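Okay, target_37.cif is below, mmCIF, C-alpha atoms:
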data_query
loop_
_atom_site.label_atom_id
_atom_site.label_comp_id
_atom_site.auth_asym_id
_atom_site.auth_seq_id
_atom_site.Cartn_x
_atom_site.Cartn_y
_atom_site.Cartn_z
CA MET A 28 6.73 -110.87 -66.03
CA ALA A 29 9.89 -110.01 -64.13
CA VAL A 30 11.34 -106.58 -64.80
CA LYS A 31 14.61 -104.79 -64.31
CA SER A 32 14.87 -101.07 -63.64
CA ARG A 33 17.56 -98.42 -63.55
CA PHE A 34 18.22 -94.71 -63.83
CA ILE A 35 19.93 -93.26 -66.87
CA THR A 36 20.91 -89.67 -67.71
CA LEU A 37 20.24 -88.14 -71.12
CA SER A 38 21.27 -84.77 -72.52
CA VAL A 39 18.45 -82.65 -73.95
CA ASP A 40 18.96 -80.19 -76.77
CA ASP A 41 19.75 -77.28 -74.45
CA GLY A 42 22.59 -79.31 -72.97
CA SER A 43 20.98 -79.91 -69.60
CA PRO A 44 21.15 -83.42 -68.10
CA MET A 45 17.84 -85.23 -67.62
CA GLN A 46 17.64 -88.24 -65.36
CA CYS A 47 15.12 -90.89 -66.43
CA PHE A 48 13.76 -93.99 -64.77
CA VAL A 49 13.79 -96.97 -67.14
CA SER A 50 12.08 -100.31 -66.64
CA GLU A 51 11.99 -103.23 -69.07
CA PRO A 52 11.17 -106.92 -69.19
CA ASP A 53 13.95 -108.97 -67.61
CA ALA A 54 14.03 -111.51 -70.40
CA GLU A 55 15.43 -111.95 -73.87
CA THR A 56 12.15 -111.91 -75.77
CA GLY A 57 13.16 -110.06 -78.92
CA THR A 58 12.04 -106.50 -79.41
CA CYS A 59 9.29 -104.84 -77.37
CA PRO A 60 7.16 -101.74 -77.86
CA GLY A 61 8.37 -98.64 -76.04
CA ILE A 62 6.40 -96.19 -73.95
CA LEU A 63 7.08 -92.74 -72.52
CA VAL A 64 5.67 -92.20 -69.02
CA PHE A 65 5.06 -88.58 -68.04
CA GLN A 66 4.98 -87.58 -64.38
CA GLU A 67 2.55 -85.64 -62.27
CA ALA A 68 3.72 -82.40 -60.67
CA PHE A 69 5.35 -84.37 -57.84
CA GLY A 70 8.22 -85.77 -59.88
CA VAL A 71 9.20 -89.27 -60.91
CA ASN A 72 8.24 -90.54 -57.49
CA SER A 73 7.27 -93.99 -56.25
CA HIS A 74 3.85 -93.76 -57.94
CA ILE A 75 5.31 -92.95 -61.36
CA ARG A 76 8.06 -95.54 -60.95
CA ASP A 77 5.42 -98.11 -60.05
CA ILE A 78 3.47 -97.31 -63.23
CA THR A 79 6.67 -97.57 -65.26
CA GLU A 80 7.42 -101.00 -63.79
CA ARG A 81 3.82 -102.17 -64.26
CA LEU A 82 4.09 -101.30 -67.95
CA ALA A 83 7.40 -103.17 -68.18
CA ALA A 84 5.68 -106.19 -66.64
CA GLN A 85 3.21 -106.00 -69.54
CA GLY A 86 6.05 -106.25 -72.05
CA TYR A 87 7.00 -102.62 -72.69
CA VAL A 88 10.31 -100.82 -72.39
CA ALA A 89 9.16 -97.83 -70.34
CA ILE A 90 11.00 -94.58 -69.66
CA ALA A 91 9.92 -91.82 -67.27
CA PRO A 92 11.90 -88.59 -67.83
CA GLU A 93 12.27 -86.12 -64.96
CA LEU A 94 10.53 -83.06 -66.37
CA PHE A 95 11.81 -80.72 -63.62
CA HIS A 96 15.46 -81.39 -64.41
CA ARG A 97 16.18 -77.75 -65.30
CA THR A 98 15.23 -76.46 -61.85
CA ALA A 99 15.37 -79.44 -59.49
CA PRO A 100 18.11 -81.93 -58.60
CA ALA A 101 18.08 -85.41 -60.07
CA GLY A 102 15.69 -87.66 -58.20
CA PHE A 103 13.51 -84.76 -57.00
CA GLU A 104 10.23 -85.80 -55.39
CA GLY A 105 7.72 -83.21 -54.20
CA SER A 106 5.38 -83.47 -51.24
CA TYR A 107 1.71 -84.16 -51.86
CA THR A 108 0.88 -81.75 -49.03
CA ASP A 109 3.09 -78.81 -50.07
CA PHE A 110 2.13 -77.85 -53.59
CA ALA A 111 3.47 -74.32 -53.08
CA ALA A 112 7.01 -75.71 -52.89
CA LEU A 113 6.54 -77.20 -56.35
CA ALA A 114 5.59 -73.89 -57.93
CA PRO A 115 9.10 -72.84 -59.11
CA HIS A 116 9.53 -76.16 -60.89
CA PHE A 117 5.99 -76.44 -62.21
CA GLN A 118 6.00 -72.89 -63.54
CA ALA A 119 9.33 -73.39 -65.34
CA VAL A 120 7.79 -76.12 -67.49
CA ASN A 121 6.16 -75.07 -70.76
CA ALA A 122 5.16 -76.62 -74.07
CA ALA A 123 8.63 -76.12 -75.54
CA THR A 124 10.47 -77.80 -72.64
CA LEU A 125 7.97 -80.64 -72.54
CA GLU A 126 8.41 -81.24 -76.26
CA SER A 127 12.20 -81.16 -75.94
CA ASP A 128 12.22 -83.62 -73.05
CA ALA A 129 9.76 -85.92 -74.78
CA ARG A 130 11.81 -85.89 -77.96
CA THR A 131 15.00 -86.77 -76.06
CA ALA A 132 13.36 -89.71 -74.29
CA TYR A 133 11.73 -90.83 -77.54
CA GLN A 134 15.05 -90.82 -79.35
CA TRP A 135 16.56 -92.99 -76.64
CA LEU A 136 13.72 -95.50 -76.99
CA ASP A 137 13.86 -95.40 -80.78
CA THR A 138 17.53 -96.35 -80.82
CA TYR A 139 17.43 -98.84 -77.93
CA LYS A 140 18.11 -102.37 -79.16
CA LYS A 141 15.14 -103.88 -77.30
CA VAL A 142 12.54 -101.52 -78.79
CA GLY A 143 10.85 -102.24 -82.10
CA GLN A 144 11.46 -99.42 -84.56
CA ARG A 145 8.88 -96.67 -84.22
CA GLN A 146 6.69 -98.87 -81.99
CA ILE A 147 6.39 -96.21 -79.32
CA ALA A 148 3.47 -94.73 -77.36
CA CYS A 149 3.11 -92.41 -74.38
CA ILE A 150 1.04 -92.07 -71.23
CA GLY A 151 0.87 -89.19 -68.76
CA PHE A 152 -0.88 -88.11 -65.58
CA CYS A 153 -2.06 -84.60 -64.62
CA MET A 154 0.79 -82.36 -65.86
CA GLY A 155 1.99 -85.46 -67.67
CA GLY A 156 -1.38 -85.79 -69.35
CA ARG A 157 -0.71 -82.45 -70.99
CA ALA A 158 2.80 -83.61 -71.85
CA SER A 159 1.30 -86.68 -73.51
CA PHE A 160 -0.79 -84.46 -75.80
CA ILE A 161 2.23 -82.29 -76.63
CA ALA A 162 4.41 -85.33 -77.35
CA ASN A 163 1.77 -86.63 -79.73
CA THR A 164 1.88 -83.38 -81.73
CA ALA A 165 5.67 -83.56 -82.02
CA LEU A 166 6.57 -87.24 -82.39
CA PRO A 167 5.54 -90.13 -84.65
CA LEU A 168 3.83 -92.05 -81.86
CA LYS A 169 1.47 -94.98 -82.30
CA ALA A 170 -0.78 -94.13 -79.34
CA ALA A 171 -1.09 -91.52 -76.59
CA ILE A 172 -2.97 -91.62 -73.28
CA SER A 173 -3.81 -88.66 -71.07
CA PHE A 174 -5.09 -89.06 -67.51
CA TYR A 175 -6.77 -85.86 -66.26
CA GLY A 176 -4.47 -83.69 -68.32
CA GLY A 177 -5.19 -80.09 -67.40
CA GLY A 178 -4.29 -77.17 -69.62
CA ILE A 179 -4.95 -78.87 -72.96
CA ALA A 180 -7.81 -76.46 -73.56
CA PRO A 181 -8.11 -73.74 -74.63
CA GLU A 182 -4.69 -73.18 -76.26
CA LEU A 183 -2.98 -76.53 -76.86
CA ILE A 184 -6.09 -78.10 -78.40
CA LYS A 185 -5.60 -75.70 -81.31
CA LYS A 186 -2.69 -77.96 -82.28
CA ALA A 187 -4.88 -81.04 -82.54
CA SER A 188 -4.52 -81.13 -86.31
CA GLY A 189 -0.86 -82.04 -85.79
CA LEU A 190 -1.50 -85.13 -83.66
CA HIS A 191 0.20 -88.24 -85.02
CA ALA A 192 -1.59 -91.01 -83.12
CA PRO A 193 -5.00 -91.82 -81.68
CA MET A 194 -5.55 -90.42 -78.18
CA LEU A 195 -7.28 -91.84 -75.15
CA PHE A 196 -8.41 -89.30 -72.54
CA PHE A 197 -9.54 -90.04 -68.99
CA TRP A 198 -11.28 -87.46 -66.83
CA GLY A 199 -12.80 -87.46 -63.36
CA GLY A 200 -16.41 -86.40 -63.13
CA LEU A 201 -15.74 -84.85 -59.70
CA ASP A 202 -12.59 -83.02 -60.84
CA LYS A 203 -12.87 -79.31 -60.00
CA HIS A 204 -9.46 -78.62 -61.55
CA ILE A 205 -10.70 -79.59 -65.01
CA PRO A 206 -14.32 -78.44 -65.40
CA THR A 207 -16.73 -79.87 -67.93
CA GLU A 208 -16.20 -76.87 -70.21
CA GLN A 209 -12.52 -77.81 -70.63
CA ILE A 210 -13.34 -81.42 -71.39
CA ASP A 211 -15.94 -80.31 -73.93
CA ALA A 212 -13.40 -77.97 -75.53
CA VAL A 213 -10.93 -80.84 -75.90
CA THR A 214 -13.45 -83.17 -77.52
CA LYS A 215 -14.73 -80.39 -79.78
CA GLY A 216 -11.17 -79.61 -80.87
CA MET A 217 -10.48 -83.27 -81.59
CA ASP A 218 -13.69 -83.55 -83.60
CA GLU A 219 -12.94 -80.42 -85.61
CA ALA A 220 -9.44 -81.71 -86.37
CA GLY A 221 -10.87 -85.03 -87.52
CA LYS A 222 -8.58 -86.99 -85.18
CA ARG A 223 -9.22 -90.44 -83.74
CA TYR A 224 -9.74 -90.42 -79.99
CA GLU A 225 -11.71 -91.77 -77.06
CA SER A 226 -12.75 -89.61 -74.14
CA ARG A 227 -13.97 -91.23 -70.94
CA VAL A 228 -15.38 -89.33 -67.99
CA ILE A 229 -15.58 -91.53 -64.89
CA PRO A 230 -18.48 -89.97 -62.94
CA ASP A 231 -17.44 -90.70 -59.35
CA ALA A 232 -13.72 -90.10 -59.81
CA ASP A 233 -11.77 -87.00 -58.76
CA HIS A 234 -8.54 -85.46 -60.03
CA GLY A 235 -5.68 -87.89 -59.44
CA PHE A 236 -7.96 -90.91 -59.13
CA ASN A 237 -5.24 -93.24 -60.42
CA ASN A 238 -2.68 -92.32 -57.74
CA ASN A 239 -2.91 -94.83 -54.90
CA GLU A 240 -0.72 -92.62 -52.71
CA LYS A 241 -3.27 -89.79 -52.53
CA PRO A 242 -6.68 -89.42 -50.84
CA ALA A 243 -8.33 -88.96 -54.26
CA TYR A 244 -7.43 -92.54 -55.23
CA ASN A 245 -10.42 -94.46 -56.54
CA ALA A 246 -9.58 -98.15 -56.88
CA GLN A 247 -12.48 -98.98 -59.16
CA ALA A 248 -11.85 -96.02 -61.48
CA ALA A 249 -8.11 -96.75 -61.54
CA SER A 250 -8.72 -100.40 -62.41
CA GLU A 251 -11.18 -99.48 -65.15
CA ALA A 252 -8.83 -96.92 -66.68
CA TRP A 253 -5.77 -99.18 -66.44
CA THR A 254 -7.57 -102.09 -68.12
CA LYS A 255 -8.76 -99.82 -70.90
CA SER A 256 -5.28 -98.31 -71.29
CA LEU A 257 -3.63 -101.70 -71.69
CA ALA A 258 -6.22 -102.75 -74.27
CA PHE A 259 -5.72 -99.47 -76.15
CA LEU A 260 -1.94 -99.91 -76.19
CA LYS A 261 -2.19 -103.50 -77.32
CA GLU A 262 -4.53 -102.54 -80.15
CA LYS A 263 -2.29 -99.73 -81.39
CA LEU A 264 1.12 -101.31 -80.79
CA GLY A 265 0.40 -104.99 -81.19
#
Please lay out the structure from this file as structure tokens.
Amino acid sequence: MAVKSRFITLSVDDGSPMQCFVSEPDAETGTCPGILVFQEAFGVNSHIRDITERLAAQGYVAIAPELFHRTAPAGFEGSYTDFAALAPHFQAVNAATLESDARTAYQWLDTYKKVGQRQIACIGFCMGGRASFIANTALPLKAAISFYGGGIAPELIKKASGLHAPMLFFWGGLDKHIPTEQIDAVTKGMDEAGKRYESRVIPDADHGFNNNEKPAYNAQAASEAWTKSLAFLKEKLG
């Protein structure tokens, strides 16, 4: 399916401008489901824009908000080889700012003429995987997907009782950033909260396995997770 993409700027509740990358089907096909796409620590770069456009090609109106907008210029993209330079931006992000940004992007989707009312999900990667969990506690989503979302345990998982939608978690079995104890804490928290979820550990995958711009990319794992994600979204959103 052909898509069309553009940048828009939204104002979050603290008054700061937040640039977002939007992609949607380039056809008049009635209303579509909407999906929030949450970035890694490297910004809304070519990898995140590609994911956003791939989702649009599947029939979603997809929006990727720039989560560093309070500390970085619009269009900021960090280097994969200089994580230290990202620290000021990464450290300025917290649960409150992530919730605020997610809510702003959600409200745009929810009022956009091409999006079916309240037919909205989210997906996020690394830092964005944590954002996906936070968004699901704050917004009436239909589905939420987290790829190797660090930092959900031990604190955020305490909010699992507030989740609105079923969650799908992906983890890399070789991921030293998110040890098995953290994954176990997430699944335990979900079980204790009585929430619907799926948790998949891909044994030979490392952190960032879905990003085809990084050495950790694992084509088989990425394909498996993407196929499962699309099926999950279709089941929950129709």
Practice item. Quick one: apply the PyMOL selection byres ((chain A and resi 154) around 10) to the file and drop the selected residues here as a PyMOL selection string. Key: chain A and resi 65-69+94+117+120+125+151-153+155-159+173-179
Residues of the last selection are to be written out with C-alpha atoms, as an mmCIF file, in the coordinates of the input.
data_model
loop_
_atom_site.group_PDB
_atom_site.id
_atom_site.type_symbol
_atom_site.label_atom_id
_atom_site.label_comp_id
_atom_site.auth_asym_id
_atom_site.auth_seq_id
_atom_site.Cartn_x
_atom_site.Cartn_y
_atom_site.Cartn_z
ATOM 1 C CA PHE A 65 5.060 -88.580 -68.040
ATOM 2 C CA GLN A 66 4.980 -87.580 -64.380
ATOM 3 C CA GLU A 67 2.550 -85.640 -62.270
ATOM 4 C CA ALA A 68 3.720 -82.400 -60.670
ATOM 5 C CA PHE A 69 5.350 -84.370 -57.840
ATOM 6 C CA LEU A 94 10.530 -83.060 -66.370
ATOM 7 C CA PHE A 117 5.990 -76.440 -62.210
ATOM 8 C CA VAL A 120 7.790 -76.120 -67.490
ATOM 9 C CA LEU A 125 7.970 -80.640 -72.540
ATOM 10 C CA GLY A 151 0.870 -89.190 -68.760
ATOM 11 C CA PHE A 152 -0.880 -88.110 -65.580
ATOM 12 C CA CYS A 153 -2.060 -84.600 -64.620
ATOM 13 C CA GLY A 155 1.990 -85.460 -67.670
ATOM 14 C CA GLY A 156 -1.380 -85.790 -69.350
ATOM 15 C CA ARG A 157 -0.710 -82.450 -70.990
ATOM 16 C CA ALA A 158 2.800 -83.610 -71.850
ATOM 17 C CA SER A 159 1.300 -86.680 -73.510
ATOM 18 C CA SER A 173 -3.810 -88.660 -71.070
ATOM 19 C CA PHE A 174 -5.090 -89.060 -67.510
ATOM 20 C CA TYR A 175 -6.770 -85.860 -66.260
ATOM 21 C CA GLY A 176 -4.470 -83.690 -68.320
ATOM 22 C CA GLY A 177 -5.190 -80.090 -67.400
ATOM 23 C CA GLY A 178 -4.290 -77.170 -69.620
ATOM 24 C CA ILE A 179 -4.950 -78.870 -72.960
#
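Between CA of Gln146 (chain A) and CA of Ala29 (chain A) lies a distance of 21.3 Å.
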Exercise for review: Could you expand the PyMOL selection byres ((chain A and resi 130) around 10) into the explicit residues it covers here, written as a VMD selection string?
Suggested key: chain A and resid 39 to 40 63 124 to 129 131 to 136 162 165 to 166
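When CA of Leu195 (chain A) is paired with CA of Ser256 (chain A), their separation reads 7.8 Å.
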Exercise for review: Please provide the set of residues having any atom within 12 Å of Glu208 (chain A), restricted to only C-alpha atoms, with same-chain residues fewer than 5 positions apart removed, written as number ranges by chain.
Suggested key: A: 177-181, 200, 202-203, 213-215
Could the residues in this selection be saved with C-alpha atoms as a PDB file, keeping the file's coordinate frame?
ATOM      1  CA  GLY A 177      -5.190 -80.090 -67.400  1.00  0.00           C
ATOM      2  CA  GLY A 178      -4.290 -77.170 -69.620  1.00  0.00           C
ATOM      3  CA  ILE A 179      -4.950 -78.870 -72.960  1.00  0.00           C
ATOM      4  CA  ALA A 180      -7.810 -76.460 -73.560  1.00  0.00           C
ATOM      5  CA  PRO A 181      -8.110 -73.740 -74.630  1.00  0.00           C
ATOM      6  CA  GLY A 200     -16.410 -86.400 -63.130  1.00  0.00           C
ATOM      7  CA  ASP A 202     -12.590 -83.020 -60.840  1.00  0.00           C
ATOM      8  CA  LYS A 203     -12.870 -79.310 -60.000  1.00  0.00           C
ATOM      9  CA  VAL A 213     -10.930 -80.840 -75.900  1.00  0.00           C
ATOM     10  CA  THR A 214     -13.450 -83.170 -77.520  1.00  0.00           C
ATOM     11  CA  LYS A 215     -14.730 -80.390 -79.780  1.00  0.00           C
TER      12      LYS A 215
END
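Across the structure, CA of Asp41 (chain A) and CA of Ala89 (chain A) are spaced 23.5 Å apart.
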**Study point:** Given the PyMOL selection byres ((chain A and resi 79-84) around 9), the residues it picks as a VMD selection string
**Key:** chain A and resid 28 to 32 48 to 53 62 to 64 74 to 78 85 to 91 257
Can you write just those residues out, C-alpha atoms, as a CSV table (one decimal), keeping the file's coordinate frame?
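Generated file (again_23.csv):
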chain,number,residue,atom,x,y,z
A,28,MET,CA,6.7,-110.9,-66.0
A,29,ALA,CA,9.9,-110.0,-64.1
A,30,VAL,CA,11.3,-106.6,-64.8
A,31,LYS,CA,14.6,-104.8,-64.3
A,32,SER,CA,14.9,-101.1,-63.6
A,48,PHE,CA,13.8,-94.0,-64.8
A,49,VAL,CA,13.8,-97.0,-67.1
A,50,SER,CA,12.1,-100.3,-66.6
A,51,GLU,CA,12.0,-103.2,-69.1
A,52,PRO,CA,11.2,-106.9,-69.2
A,53,ASP,CA,14.0,-109.0,-67.6
A,62,ILE,CA,6.4,-96.2,-74.0
A,63,LEU,CA,7.1,-92.7,-72.5
A,64,VAL,CA,5.7,-92.2,-69.0
A,74,HIS,CA,3.8,-93.8,-57.9
A,75,ILE,CA,5.3,-93.0,-61.4
A,76,ARG,CA,8.1,-95.5,-61.0
A,77,ASP,CA,5.4,-98.1,-60.0
A,78,ILE,CA,3.5,-97.3,-63.2
A,85,GLN,CA,3.2,-106.0,-69.5
A,86,GLY,CA,6.0,-106.2,-72.0
A,87,TYR,CA,7.0,-102.6,-72.7
A,88,VAL,CA,10.3,-100.8,-72.4
A,89,ALA,CA,9.2,-97.8,-70.3
A,90,ILE,CA,11.0,-94.6,-69.7
A,91,ALA,CA,9.9,-91.8,-67.3
A,257,LEU,CA,-3.6,-101.7,-71.7
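Distances to Thr138 (chain A) were evaluated for A:Gly61, A:Gly105, A:Lys186, A:Ser38 using all atoms listed in the file, and the minimum falls at A:Gly61.
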Review point. Using all atoms listed in the file, what residues lie at most 12 Å away from (-12.6, -91.8, -68.5) (file coordinates), given as a ChimeraX atom specification?
Key: /A:172-176,195-202,210,224-234,236-237,247-256
Since we have the selection now, will you write its residues out, keeping C-alpha atoms, as a compact mmCIF listing (two decimals), keeping the file's coordinate frame?
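The file below, selection_6.txt, is the result:
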# COMPACT_ATOMS: atom_id res chain seq x y z
CA ILE A 172 -2.97 -91.62 -73.28
CA SER A 173 -3.81 -88.66 -71.07
CA PHE A 174 -5.09 -89.06 -67.51
CA TYR A 175 -6.77 -85.86 -66.26
CA GLY A 176 -4.47 -83.69 -68.32
CA LEU A 195 -7.28 -91.84 -75.15
CA PHE A 196 -8.41 -89.30 -72.54
CA PHE A 197 -9.54 -90.04 -68.99
CA TRP A 198 -11.28 -87.46 -66.83
CA GLY A 199 -12.80 -87.46 -63.36
CA GLY A 200 -16.41 -86.40 -63.13
CA LEU A 201 -15.74 -84.85 -59.70
CA ASP A 202 -12.59 -83.02 -60.84
CA ILE A 210 -13.34 -81.42 -71.39
CA TYR A 224 -9.74 -90.42 -79.99
CA GLU A 225 -11.71 -91.77 -77.06
CA SER A 226 -12.75 -89.61 -74.14
CA ARG A 227 -13.97 -91.23 -70.94
CA VAL A 228 -15.38 -89.33 -67.99
CA ILE A 229 -15.58 -91.53 -64.89
CA PRO A 230 -18.48 -89.97 -62.94
CA ASP A 231 -17.44 -90.70 -59.35
CA ALA A 232 -13.72 -90.10 -59.81
CA ASP A 233 -11.77 -87.00 -58.76
CA HIS A 234 -8.54 -85.46 -60.03
CA PHE A 236 -7.96 -90.91 -59.13
CA ASN A 237 -5.24 -93.24 -60.42
CA GLN A 247 -12.48 -98.98 -59.16
CA ALA A 248 -11.85 -96.02 -61.48
CA ALA A 249 -8.11 -96.75 -61.54
CA SER A 250 -8.72 -100.40 -62.41
CA GLU A 251 -11.18 -99.48 -65.15
CA ALA A 252 -8.83 -96.92 -66.68
CA TRP A 253 -5.77 -99.18 -66.44
CA THR A 254 -7.57 -102.09 -68.12
CA LYS A 255 -8.76 -99.82 -70.90
CA SER A 256 -5.28 -98.31 -71.29
Which polymer residues have any atom within 8 Å of an atom of Thr36 (chain A), counting all atoms listed in the file, with same-chain residues fewer than 4 positions away left out, as a CSV table (one decimal) with C-alpha atoms, in the frame of the given file?
chain,number,residue,atom,x,y,z
A,44,PRO,CA,21.2,-83.4,-68.1
A,45,MET,CA,17.8,-85.2,-67.6
A,46,GLN,CA,17.6,-88.2,-65.4
A,47,CYS,CA,15.1,-90.9,-66.4
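Of the listed residues (A:Gly42, A:Ile184, A:Ala171, A:Thr98), A:Ile184 comes nearest to Asp211 (chain A); the distances count only C-alpha atoms.
Restricting the calculation to all atoms listed in the file, the smallest distance between Gly216 (chain A) and any of A:Lys185, A:His204, A:Arg33, A:His116 is found for A:Lys185.
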